[in-house]
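Here is upload.txt, consisting of compact mmCIF, C-alpha atoms:
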# COMPACT_ATOMS: atom_id res chain seq x y z
CA MET N 1211 97.23 100.83 223.44
CA SER N 1212 98.57 100.83 226.96
CA LYS N 1213 96.24 100.23 229.88
CA LEU N 1214 97.25 103.58 231.35
CA LYS N 1215 96.27 105.41 228.17
CA ALA N 1216 92.94 103.57 228.09
CA PHE N 1217 92.35 104.44 231.73
CA VAL N 1218 93.19 108.11 231.21
CA ILE N 1219 90.91 108.35 228.16
CA GLY N 1220 88.09 106.50 229.94
CA THR N 1221 88.36 108.65 233.08
CA GLY N 1222 88.53 111.84 231.02
CA VAL N 1223 85.42 110.94 229.04
CA ALA N 1224 83.57 109.88 232.19
CA GLY N 1225 84.53 113.18 233.87
CA PHE N 1226 83.49 115.17 230.84
CA ASN N 1227 80.16 113.36 230.71
CA LEU N 1228 79.61 114.06 234.40
CA LEU N 1229 80.44 117.75 233.99
CA ASN N 1230 78.21 117.94 230.97
CA SER N 1231 75.44 116.29 232.95
CA ALA N 1232 76.01 118.70 235.83
CA ILE N 1233 75.04 121.53 233.52
CA SER N 1234 71.54 120.07 233.63
CA ILE N 1235 71.24 121.62 237.11
CA LEU N 1236 71.11 124.94 235.31
CA ARG N 1237 68.52 123.81 232.85
CA PRO N 1238 65.23 122.00 232.90
CA GLU N 1239 64.88 118.32 232.17
CA ARG N 1240 64.70 117.44 228.47
CA CYS N 1241 65.87 120.89 227.52
CA GLY N 1242 65.93 121.36 223.79
CA GLY N 1243 68.81 123.77 224.13
CA SER N 1244 66.78 126.68 222.84
CA CYS N 1245 66.05 128.96 225.81
CA GLY N 1246 69.63 129.96 226.57
CA ASN N 1247 69.14 130.32 230.34
CA CYS N 1248 72.20 128.16 230.86
CA ASN N 1249 74.24 130.31 228.46
CA TYR N 1250 74.85 127.10 226.49
CA ALA N 1251 77.87 126.41 228.69
CA CYS N 1252 78.26 122.95 227.23
CA VAL N 1253 78.19 123.90 223.57
CA PRO N 1254 81.56 125.66 223.27
CA THR N 1255 83.19 122.85 225.27
CA ILE N 1256 81.94 120.24 222.86
CA PHE N 1257 82.80 122.34 219.83
CA VAL N 1258 86.34 122.78 221.19
CA LEU N 1259 86.68 119.03 221.80
CA VAL N 1260 85.31 118.08 218.38
CA GLY N 1261 87.41 120.79 216.74
CA ALA N 1262 90.55 119.68 218.58
CA GLY N 1263 89.90 116.08 217.54
CA GLY N 1264 89.47 117.15 213.93
CA LEU N 1265 92.67 119.18 214.03
CA VAL N 1266 94.64 116.28 215.50
CA VAL N 1267 93.37 113.96 212.77
CA ALA N 1268 94.08 116.51 210.05
CA TYR N 1269 97.59 117.14 211.42
CA ARG N 1270 98.41 113.42 211.57
CA ARG N 1271 97.08 112.83 208.08
CA LEU N 1272 99.00 115.74 206.61
CA LYS N 1273 102.16 114.69 208.46
CA ALA N 1274 101.85 111.14 207.15
CA ARG N 1275 101.31 112.43 203.61
CA PHE N 1276 104.27 114.80 203.92
CA LEU N 1277 106.56 112.06 205.22
CA LYS N 1278 105.42 109.69 202.46
CA ARG N 1279 106.07 112.29 199.80
CA ARG N 1280 109.50 113.10 201.27
CA SER N 1281 110.46 109.43 201.35
CA GLU N 1282 109.44 109.08 197.70
CA VAL N 1283 111.66 112.02 196.77
CA MET T 319 71.66 91.44 193.76
CA ASN T 320 74.87 90.48 195.52
CA ASN T 321 75.20 89.23 199.09
CA VAL T 322 76.16 92.64 200.48
CA LYS T 323 73.08 94.36 199.07
CA LYS T 324 70.81 91.49 200.05
CA THR T 325 72.03 91.65 203.64
CA LEU T 326 71.70 95.43 203.71
CA LEU T 327 68.15 95.18 202.41
CA LYS T 328 67.24 92.52 204.96
CA ARG T 329 68.73 94.58 207.77
CA GLY T 330 67.06 97.73 206.46
CA ILE T 331 63.64 96.10 206.79
CA GLY T 332 64.48 95.34 210.43
CA TYR T 333 65.40 98.97 211.12
CA ILE T 334 62.17 100.20 209.54
CA ILE T 335 60.25 97.77 211.76
CA GLY T 336 62.27 99.08 214.71
CA PHE T 337 61.27 102.62 213.79
CA GLY T 338 57.60 101.66 213.68
CA LEU T 339 57.86 99.82 216.97
CA LEU T 340 59.61 102.50 219.00
CA TYR T 341 59.31 105.97 217.51
CA ALA T 342 56.40 108.39 217.42
CA PRO T 343 54.16 108.93 215.52
CA PHE T 344 53.90 105.09 215.59
CA GLY T 345 55.38 103.73 218.85
CA LEU T 346 53.54 100.45 218.30
CA LEU T 347 55.41 98.59 221.03
CA GLN T 348 54.71 101.24 223.65
CA ILE T 349 51.06 101.41 222.52
CA PHE T 350 50.82 97.65 222.91
CA LEU T 351 52.44 97.77 226.36
CA THR T 352 50.23 100.59 227.61
CA GLY T 353 47.02 99.72 225.79
CA VAL T 354 46.93 95.94 225.98
CA LEU T 355 49.23 94.99 228.86
CA LYS T 356 48.37 98.12 230.90
CA PHE T 357 51.91 99.21 231.72
CA THR T 358 52.46 102.89 232.41
CA GLY T 359 54.66 105.03 230.19
CA ARG T 360 54.76 107.31 227.19
CA GLU T 361 53.91 106.20 223.69
CA ASP T 362 56.95 107.68 222.00
CA ILE T 363 60.72 107.01 222.17
CA HIS T 364 60.76 108.30 225.76
CA GLY T 365 58.53 105.36 226.63
CA ALA T 366 61.49 103.16 225.73
CA CYS T 367 64.09 105.36 227.44
CA PHE T 368 66.96 103.40 228.85
CA ARG T 369 68.21 106.34 230.95
CA MET T 370 64.98 106.69 232.89
CA ALA T 371 64.90 103.01 233.84
CA LEU T 372 68.60 102.79 234.72
CA GLY T 373 68.60 106.24 236.33
CA ASN T 374 65.91 105.07 238.73
CA LEU T 375 67.86 101.92 239.51
CA ILE T 376 71.18 103.68 240.12
CA SER T 377 69.68 106.51 242.16
CA GLY T 378 68.06 104.02 244.50
CA LYS T 379 64.48 104.30 243.28
CA GLY T 380 64.65 100.74 242.03
CA LEU T 381 64.05 99.34 238.58
CA ASN T 382 60.36 99.81 238.04
CA ILE T 383 59.83 97.01 235.61
CA LEU T 384 56.14 97.76 235.25
CA THR T 385 56.71 100.72 232.98
CA THR T 386 57.23 100.74 229.22
CA SER T 387 60.84 101.90 229.63
CA GLY T 388 61.47 99.32 232.37
CA ILE T 389 60.14 96.39 230.38
CA ILE T 390 61.85 97.42 227.12
CA THR T 391 65.19 98.05 228.85
CA PHE T 392 64.96 94.74 230.68
CA ALA T 393 64.14 92.89 227.44
CA ILE T 394 67.03 94.53 225.54
CA LEU T 395 69.52 93.66 228.29
CA ILE T 396 68.36 90.06 228.67
CA VAL T 397 68.53 89.55 224.89
CA ALA T 398 72.06 91.04 224.94
CA VAL T 399 73.27 88.39 227.37
CA PHE T 400 71.97 85.48 225.31
CA PHE T 401 72.10 86.79 221.74
CA GLY T 402 74.38 89.85 221.78
CA PRO T 403 73.43 93.47 221.04
CA GLN T 404 70.54 92.49 218.78
CA PHE T 405 68.75 95.77 219.43
CA CYS T 406 71.66 97.74 217.90
CA GLY T 407 72.17 95.38 215.01
CA LYS T 408 68.60 94.60 214.08
CA LEU T 409 66.26 97.34 215.30
CA CYS T 410 68.03 100.61 216.09
CA PHE T 411 66.96 103.08 213.41
CA ALA T 412 68.98 105.95 214.92
CA GLY T 413 72.16 103.91 214.51
CA ALA T 414 71.27 102.62 211.07
CA LEU T 415 70.44 106.02 209.57
CA PRO T 416 74.02 107.39 209.42
CA GLU T 417 75.34 103.93 208.52
CA TYR T 418 73.17 103.65 205.44
CA ALA T 419 73.68 107.32 204.56
CA SER T 420 77.45 106.87 204.79
CA ARG T 421 77.33 104.40 201.93
CA ILE T 422 76.74 107.23 199.48
CA VAL T 423 79.85 109.11 200.66
CA PRO T 424 83.12 108.15 198.93
CA ASP T 425 85.51 106.19 201.16
CA LYS T 426 88.33 108.71 200.77
CA LEU T 427 86.22 111.32 202.57
CA LYS T 428 85.62 109.06 205.55
CA ILE T 429 87.75 108.93 208.67
CA ASP T 430 88.54 105.73 210.49
CA TRP T 431 88.42 107.31 213.95
CA GLN T 432 89.48 104.09 215.62
CA LYS T 433 92.92 104.49 214.11
CA TYR T 434 93.34 107.62 216.22
CA ILE T 435 91.00 107.22 219.18
CA PRO T 436 90.32 103.78 220.67
CA SER T 437 86.60 103.23 221.01
CA ALA T 438 86.42 101.02 224.10
CA PRO T 439 87.72 103.50 226.73
CA VAL T 440 85.70 106.36 225.26
CA ARG T 441 82.57 104.26 225.11
CA TYR T 442 82.85 102.80 228.58
CA GLY T 443 84.05 106.10 230.02
CA ALA T 444 80.95 107.80 228.62
CA LEU T 445 78.85 104.99 230.07
CA ILE T 446 80.42 105.39 233.52
CA GLY T 447 79.66 109.12 233.43
CA PHE T 448 76.16 108.34 232.23
CA LEU T 449 75.54 105.88 235.04
CA THR T 450 77.27 107.87 237.79
CA ALA T 451 75.36 111.07 237.10
CA PRO T 452 71.98 109.88 238.46
CA ALA T 453 73.70 108.47 241.57
CA LEU T 454 75.13 111.94 242.25
CA GLY T 455 71.73 113.48 241.78
CA ILE T 456 72.64 115.00 238.43
CA SER T 457 70.36 114.43 235.50
CA VAL T 458 71.95 113.31 232.26
CA VAL T 459 71.38 115.88 229.56
CA CYS T 460 68.59 114.60 227.34
CA ALA T 461 69.31 117.29 224.80
CA TYR T 462 72.22 115.19 223.53
CA CYS T 463 70.13 112.09 222.94
CA ASN T 464 70.21 110.96 219.33
CA TYR T 465 67.09 108.82 219.77
CA SER T 466 65.12 111.82 220.92
CA LEU T 467 66.57 113.92 218.11
CA MET T 468 65.66 111.27 215.55
CA GLU T 469 62.06 111.47 216.68
CA LYS T 470 62.12 115.26 216.74
CA ILE T 471 63.38 115.38 213.19
CA VAL T 472 60.63 113.00 212.00
CA LEU T 473 57.87 114.76 213.92
CA GLY T 474 59.24 118.17 212.92
CA GLY T 475 59.46 117.02 209.33
CA ILE T 476 55.86 115.83 209.35
CA SER T 477 54.56 119.08 210.76
CA TRP T 478 57.14 121.18 208.82
CA ASN T 479 58.31 122.66 212.08
CA LEU T 480 62.02 122.12 212.65
CA ALA T 481 62.32 125.39 214.55
CA THR T 482 61.96 123.49 217.83
CA LEU T 483 65.44 122.06 217.33
CA GLY T 484 67.68 124.04 219.66
CA SER T 485 71.43 124.50 219.71
CA ALA T 486 72.09 121.28 221.60
CA ALA T 487 69.96 119.32 219.15
CA ILE T 488 71.81 120.84 216.20
CA LEU T 489 75.14 120.03 217.82
CA THR T 490 74.05 116.46 218.52
CA GLY T 491 72.78 116.07 214.98
CA PHE T 492 76.07 117.43 213.63
CA VAL T 493 78.14 114.94 215.63
CA TRP T 494 75.77 111.97 215.22
CA LEU T 495 74.97 112.35 211.52
CA PHE T 496 78.11 113.98 210.13
CA VAL T 497 81.30 113.83 212.27
CA LEU T 498 80.65 110.34 213.64
CA GLY T 499 78.14 109.43 210.95
CA ILE T 500 78.49 109.72 207.22
CA PHE T 501 82.10 110.91 207.42
CA THR T 502 83.17 107.98 209.56
CA LYS T 503 84.14 104.62 208.11
CA GLY T 504 81.18 102.32 208.59
CA GLY T 505 78.95 105.22 209.61
CA ARG T 506 78.45 103.93 213.14
CA GLY T 507 80.83 106.23 215.02
CA TYR T 508 78.16 107.43 217.41
CA CYS T 509 77.28 103.84 218.27
CA THR T 510 80.87 102.80 218.87
CA TYR T 511 81.93 105.87 220.84
CA LEU T 512 78.98 107.41 222.60
CA CYS T 513 75.89 105.23 222.78
CA PRO T 514 75.32 104.13 226.41
CA ILE T 515 72.76 101.44 225.60
CA GLY T 516 75.13 99.91 223.08
CA ALA T 517 77.94 99.96 225.66
CA VAL T 518 75.86 98.14 228.28
CA GLN T 519 74.81 95.54 225.73
CA SER T 520 78.43 95.04 224.68
CA ILE T 521 79.49 94.40 228.27
CA LEU T 522 76.66 91.92 228.73
CA HIS T 523 77.51 90.25 225.42
CA ARG T 524 81.18 90.02 226.42
CA VAL T 525 80.15 88.26 229.62
CA GLY T 526 77.52 86.21 227.79
CA ILE T 527 79.94 84.70 225.29
CA LEU T 528 81.74 82.97 228.15
CA LEU T 529 78.67 80.79 228.66
CA PRO T 530 78.26 77.75 226.40
CA PHE T 531 74.52 78.16 225.77
CA THR T 532 74.64 81.77 224.51
CA TYR T 533 74.91 82.84 220.88
CA LYS T 534 78.16 84.30 219.58
CA LEU T 535 80.07 84.95 216.38
CA LYS T 536 82.15 82.03 215.14
CA LEU T 537 84.72 81.77 212.40
CA ASN T 538 85.62 78.59 210.61
CA LYS T 539 89.32 79.27 210.01
CA GLU T 540 89.87 76.22 207.84
CA SER T 541 87.31 77.30 205.24
CA CYS T 542 88.12 81.03 205.35
CA ILE T 543 89.61 82.22 202.04
CA SER T 544 90.86 85.44 203.65
CA CYS T 545 89.12 87.74 201.22
CA GLY T 546 88.67 90.46 203.88
CA LEU T 547 85.13 91.32 202.75
CA CYS T 548 83.78 90.95 206.29
CA ALA T 549 86.24 93.58 207.51
CA LYS T 550 85.37 95.89 204.65
CA GLU T 551 81.64 95.64 205.30
CA CYS T 552 81.61 95.71 209.11
CA PRO T 553 79.80 98.97 210.02
CA THR T 554 81.35 99.30 213.49
CA ARG T 555 84.86 98.20 212.52
CA ALA T 556 84.53 95.27 214.91
CA ILE T 557 86.32 93.22 212.26
CA THR T 558 89.42 94.93 210.96
CA LEU T 559 92.32 94.04 208.77
CA LYS T 560 95.66 95.41 209.87
CA ASP T 561 99.12 94.19 209.01
CA ASN T 562 97.56 91.14 207.38
CA LEU T 563 95.79 90.27 210.59
CA LEU T 564 92.03 89.89 210.68
CA LYS T 565 90.94 91.04 214.13
CA TYR T 566 87.60 90.74 215.81
CA ASN T 567 86.74 93.12 218.63
CA VAL T 568 83.68 91.86 220.46
CA HIS T 569 83.26 95.21 222.23
CA ASN T 570 82.43 96.91 218.93
CA CYS T 571 80.24 94.13 217.52
CA ILE T 572 76.53 94.98 217.24
CA ALA T 573 75.41 91.55 215.99
CA CYS T 574 74.10 93.08 212.77
CA SER T 575 75.06 89.95 210.77
CA GLN T 576 76.43 92.01 207.87
CA CYS T 577 79.63 89.92 207.96
CA ILE T 578 77.62 86.68 207.97
CA GLY T 579 75.57 87.73 204.96
CA THR T 580 78.57 89.15 203.13
CA CYS T 581 80.94 86.21 203.53
CA PRO T 582 81.13 84.40 200.16
CA LYS T 583 82.08 81.08 201.79
CA LYS T 584 79.67 81.37 204.73
CA VAL T 585 82.45 80.67 207.22
CA ILE T 586 81.16 83.22 209.72
CA THR T 587 78.25 81.96 211.75
CA PHE T 588 76.27 83.02 214.77
CA GLY T 589 75.55 80.12 217.06
CA ARG T 590 75.82 78.46 220.43
CA GLY T 591 78.72 76.53 221.89
CA LYS T 592 81.93 77.12 223.79
CA ASP T 593 83.95 78.27 220.80
CA SER T 594 83.77 81.89 219.82
CA TRP T 595 85.75 84.11 217.49
CA ALA T 596 86.25 86.56 220.36
CA GLY T 597 87.77 83.85 222.51
CA ASP T 598 90.19 82.92 219.79
CA LYS T 599 92.83 85.48 220.81
CA ASN T 600 90.75 87.99 218.82
CA GLU T 601 92.70 87.49 215.64
CA GLN T 602 93.08 85.45 212.53
CA TYR T 603 95.94 85.51 210.06
CA VAL T 604 94.99 86.53 206.59
CA ASN T 605 96.47 85.16 203.43
CA ASP T 606 98.84 87.86 202.08
CA THR T 607 98.10 87.24 198.46
CA GLU T 608 94.32 87.14 198.64
CA GLY T 609 93.63 89.77 201.28
CA VAL T 610 91.64 92.81 200.21
CA ALA T 611 93.25 96.19 200.67
CA LEU T 612 90.92 98.28 202.80
Take the structure in the file and give it back as structure tokens.
Amino acid sequence: MSKLKAFVIGTGVAGFNLLNSAISILRPERCGGSCGNCNYACVPTIFVLVGAGGLVVAYRRLKARFLKRRSEV
Amino acid sequence: MNNVKKTLLKRGIGYIIGFGLLYAPFGLLQIFLTGVLKFTGREDIHGACFRMALGNLISGKGLNILTTSGIITFAILIVAVFFGPQFCGKLCFAGALPEYASRIVPDKLKIDWQKYIPSAPVRYGALIGFLTAPALGISVVCAYCNYSLMEKIVLGGISWNLATLGSAAILTGFVWLFVLGIFTKGGRGYCTYLCPIGAVQSILHRVGILLPFTYKLKLNKESCISCGLCAKECPTRAITLKDNLLKYNVHNCIACSQCIGTCPKKVITFGRGKDSWAGDKNEQYVNDTEGVAL
């Protein structure tokens, strides 16, 4: 992995963590995430990120399987 | 019982002790610190909270060592310098739970996330965000804490009241126990990608191994039969086998000693001295014919 890629990933995650933490301004300390006063702004973001990660993995796996099968044929 | 199971059992006892020491309804360590040594702090997992102690330090309030969280954080970090991330590898129940649970899931259903997303930048990036937030006056969201969730689940389970778990807790549980847990190779995805206390310990361990009097993982290359069992059993994928190369990544190592207990020839050791596996260009060639396909 290139240093640039590592830096970009690291900065992105740090930024995301900061933004996610900033949401705590809208909600009380040690919020259990149940009152909804913050409109759960963080939840869709995380679901999108996790979902996108899952899709990327699934795509790469399927692509690898497809290429393997094609090379066998 | 084979070596793998023996080591797992031995480690499992440590995690159960860790649970009793740190989590409510027991919290024996915090009770000892508050009751006997008269430190201030809570007698549950929040009394051992790393964020509170470090948050105070970063935001300029200073590290109040005379609290339960201050003393526990300080102890964990000092141990990490001299002995590696022993807390993660020997006591952390929240990390061990998905790891042990993942052993009942077939390997073909598990994802090796590190093939796709490198753990070090994610882990240290998350740590930087975690540490910068208090300095900017932003509080880190406790709702995404797996330690806190672990305790909530246990306390909720005891009182049959899991309704207190909100959306953030459910999301955290989903990521910690499933996405980065039982469906991740090794089961320690949360530890390797997101845990801030593990990240700090790894940095301290990485610095610590440069010193001759600290403990570190060592490999006796001459006696290694290249069976690859250590790589197969490593819960954090700190030891991996790729292109017939056995690689050791000290940043992922949690000093759990699973590799030491698993090794049939006992060529992996944990000891003092200048030599370390991590300092050995992080790799070791594996015999093609005897290597285990992972």
Which residue, T:Leu498, T:Ile527, T:Ile572, T:Ala556, has the smallest gap to Lys592 of chain T when you use only C-alpha atoms?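 For Lys592 of chain T, the nearest of the given residues is T:Ile527.
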Suppose you want the space between atom CA of Gly365 of chain T and atom CA of Leu347 of chain T; what is it in Å?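 Straight-line distance from atom CA of Gly365 of chain T to atom CA of Leu347 of chain T works out to 9.3 Å.
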Residue nearest chain N among T:Ile422, T:Leu528, T:Met370, T:Ile521 (counting all atoms listed in the file): T:Met370
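Among the candidate residues T:Tyr333, T:Asp362, T:Ser520, T:Pro439, the one lying nearest to Lys1213 of chain N is T:Pro439, with distances computed using only C-alpha atoms.
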Could you please determine the separation between atom CA of Phe344 of chain T and atom CA of Lys324 of chain T in Å, to one decimal place?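 Atom-to-atom, atom CA of Phe344 of chain T to atom CA of Lys324 of chain T, that is 26.7 Å.
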Between T:Cys410, T:Ala487, T:Cys545, T:Ile335, single out the one closest to chain N, counting only C-alpha atoms.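 Ranked by minimum distance to chain N, first place goes to T:Ala487.
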Residues within 10 Å of Phe350 of chain T, please, as a ChimeraX atom specification. Count all atoms listed in the file; anything in the same chain fewer than 4 positions from it doesn't count. /T:339,345-346,354-357,361,386
Selected residue, from T:Gln432, T:Thr587, T:Thr358, T:Gln404, that lies nearest to Thr510 of chain T when counting only C-alpha atoms: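 For Thr510 of chain T, the nearest of the candidates is T:Gln432.
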Box centre and edge lengths (Å, one decimal), axis-aligned, segment 1266-1272 of chain N plus 8 Å each side, as JSON:
{"center_x": 96.2, "center_y": 115.0, "center_z": 211.1, "size_x": 21.6, "size_y": 20.3, "size_z": 24.9}
I'd like the contact shell of Cys577 of chain T - 7 Å cut-off, only C-alpha atoms, skipping same-chain residues fewer than 5 positions apart - returned as an MDAnalysis selection string. chainID T and resid 548 551:552
Skipping near chain neighbours, those fewer than 2 positions away, what residues fall within 10 Å of Phe1226 of chain N using only C-alpha atoms, listed as a PyMOL selection string? (chain N and resi 1220-1224+1228-1232+1255-1256) or (chain T and resi 443-444+447)
Atom CA of Asn1227 of chain N to atom CA of Leu409 of chain T, distance in Å rounded to a single decimal: 26.2 Å
Fill-in result for segment 351-371 of chain T, N, CA, C and O atoms as a PDB file, in the frame of the given file:
ATOM      1  N   LEU T 351      52.152  97.955 224.922  1.00  0.00           N
ATOM      2  CA  LEU T 351      52.440  97.770 226.360  1.00  0.00           C
ATOM      3  C   LEU T 351      51.477  98.579 227.240  1.00  0.00           C
ATOM      4  O   LEU T 351      51.055  98.106 228.291  1.00  0.00           O
ATOM      5  N   THR T 352      51.146  99.769 226.787  1.00  0.00           N
ATOM      6  CA  THR T 352      50.230 100.590 227.610  1.00  0.00           C
ATOM      7  C   THR T 352      48.772 100.203 227.386  1.00  0.00           C
ATOM      8  O   THR T 352      47.996 100.111 228.326  1.00  0.00           O
ATOM      9  N   GLY T 353      48.427  99.970 226.124  1.00  0.00           N
ATOM     10  CA  GLY T 353      47.020  99.720 225.790  1.00  0.00           C
ATOM     11  C   GLY T 353      46.557  98.322 226.139  1.00  0.00           C
ATOM     12  O   GLY T 353      45.484  98.132 226.725  1.00  0.00           O
ATOM     13  N   VAL T 354      47.366  97.331 225.799  1.00  0.00           N
ATOM     14  CA  VAL T 354      46.930  95.940 225.980  1.00  0.00           C
ATOM     15  C   VAL T 354      47.414  95.388 227.330  1.00  0.00           C
ATOM     16  O   VAL T 354      46.634  94.802 228.086  1.00  0.00           O
ATOM     17  N   LEU T 355      48.691  95.581 227.625  1.00  0.00           N
ATOM     18  CA  LEU T 355      49.230  94.990 228.860  1.00  0.00           C
ATOM     19  C   LEU T 355      49.151  95.929 230.068  1.00  0.00           C
ATOM     20  O   LEU T 355      49.556  95.554 231.168  1.00  0.00           O
ATOM     21  N   LYS T 356      48.656  97.149 229.824  1.00  0.00           N
ATOM     22  CA  LYS T 356      48.370  98.120 230.900  1.00  0.00           C
ATOM     23  C   LYS T 356      49.599  98.550 231.712  1.00  0.00           C
ATOM     24  O   LYS T 356      49.505  98.805 232.915  1.00  0.00           O
ATOM     25  N   PHE T 357      50.754  98.618 231.066  1.00  0.00           N
ATOM     26  CA  PHE T 357      51.910  99.210 231.720  1.00  0.00           C
ATOM     27  C   PHE T 357      51.781 100.727 231.635  1.00  0.00           C
ATOM     28  O   PHE T 357      51.100 101.238 230.747  1.00  0.00           O
ATOM     29  N   THR T 358      52.480 101.435 232.516  1.00  0.00           N
ATOM     30  CA  THR T 358      52.460 102.890 232.410  1.00  0.00           C
ATOM     31  C   THR T 358      53.656 103.349 231.581  1.00  0.00           C
ATOM     32  O   THR T 358      54.682 102.666 231.540  1.00  0.00           O
ATOM     33  N   GLY T 359      53.537 104.503 230.963  1.00  0.00           N
ATOM     34  CA  GLY T 359      54.660 105.030 230.190  1.00  0.00           C
ATOM     35  C   GLY T 359      54.170 105.800 228.977  1.00  0.00           C
ATOM     36  O   GLY T 359      52.988 105.788 228.639  1.00  0.00           O
ATOM     37  N   ARG T 360      55.108 106.487 228.358  1.00  0.00           N
ATOM     38  CA  ARG T 360      54.760 107.310 227.190  1.00  0.00           C
ATOM     39  C   ARG T 360      54.755 106.468 225.926  1.00  0.00           C
ATOM     40  O   ARG T 360      55.416 105.434 225.849  1.00  0.00           O
ATOM     41  N   GLU T 361      54.033 106.966 224.930  1.00  0.00           N
ATOM     42  CA  GLU T 361      53.910 106.200 223.690  1.00  0.00           C
ATOM     43  C   GLU T 361      54.793 106.795 222.590  1.00  0.00           C
ATOM     44  O   GLU T 361      54.381 106.919 221.431  1.00  0.00           O
ATOM     45  N   ASP T 362      55.965 107.226 222.981  1.00  0.00           N
ATOM     46  CA  ASP T 362      56.950 107.680 222.000  1.00  0.00           C
ATOM     47  C   ASP T 362      58.305 107.088 222.411  1.00  0.00           C
ATOM     48  O   ASP T 362      58.342 106.187 223.253  1.00  0.00           O
ATOM     49  N   ILE T 363      59.401 107.615 221.875  1.00  0.00           N
ATOM     50  CA  ILE T 363      60.720 107.010 222.170  1.00  0.00           C
ATOM     51  C   ILE T 363      61.065 107.152 223.655  1.00  0.00           C
ATOM     52  O   ILE T 363      61.798 106.335 224.205  1.00  0.00           O
ATOM     53  N   HIS T 364      60.499 108.164 224.327  1.00  0.00           N
ATOM     54  CA  HIS T 364      60.760 108.300 225.760  1.00  0.00           C
ATOM     55  C   HIS T 364      60.135 107.161 226.562  1.00  0.00           C
ATOM     56  O   HIS T 364      60.568 106.872 227.674  1.00  0.00           O
ATOM     57  N   GLY T 365      59.137 106.522 225.982  1.00  0.00           N
ATOM     58  CA  GLY T 365      58.530 105.360 226.630  1.00  0.00           C
ATOM     59  C   GLY T 365      59.429 104.134 226.560  1.00  0.00           C
ATOM     60  O   GLY T 365      59.134 103.094 227.165  1.00  0.00           O
ATOM     61  N   ALA T 366      60.521 104.259 225.803  1.00  0.00           N
ATOM     62  CA  ALA T 366      61.490 103.160 225.730  1.00  0.00           C
ATOM     63  C   ALA T 366      62.837 103.615 226.278  1.00  0.00           C
ATOM     64  O   ALA T 366      63.859 102.989 226.024  1.00  0.00           O
ATOM     65  N   CYS T 367      62.812 104.740 227.029  1.00  0.00           N
ATOM     66  CA  CYS T 367      64.090 105.360 227.440  1.00  0.00           C
ATOM     67  C   CYS T 367      64.847 104.499 228.458  1.00  0.00           C
ATOM     68  O   CYS T 367      64.352 104.190 229.535  1.00  0.00           O
ATOM     69  N   PHE T 368      66.039 104.213 228.069  1.00  0.00           N
ATOM     70  CA  PHE T 368      66.960 103.400 228.850  1.00  0.00           C
ATOM     71  C   PHE T 368      67.455 104.190 230.071  1.00  0.00           C
ATOM     72  O   PHE T 368      67.607 103.662 231.149  1.00  0.00           O
ATOM     73  N   ARG T 369      67.681 105.506 229.871  1.00  0.00           N
ATOM     74  CA  ARG T 369      68.210 106.340 230.950  1.00  0.00           C
ATOM     75  C   ARG T 369      67.246 106.406 232.128  1.00  0.00           C
ATOM     76  O   ARG T 369      67.648 106.337 233.283  1.00  0.00           O
ATOM     77  N   MET T 370      65.963 106.550 231.810  1.00  0.00           N
ATOM     78  CA  MET T 370      64.980 106.690 232.890  1.00  0.00           C
ATOM     79  C   MET T 370      64.965 105.427 233.758  1.00  0.00           C
ATOM     80  O   MET T 370      64.994 105.495 234.979  1.00  0.00           O
ATOM     81  N   ALA T 371      64.944 104.267 233.092  1.00  0.00           N
ATOM     82  CA  ALA T 371      64.900 103.010 233.840  1.00  0.00           C
ATOM     83  C   ALA T 371      66.183 102.806 234.649  1.00  0.00           C
ATOM     84  O   ALA T 371      66.139 102.513 235.843  1.00  0.00           O
TER      85      ALA T 371
END
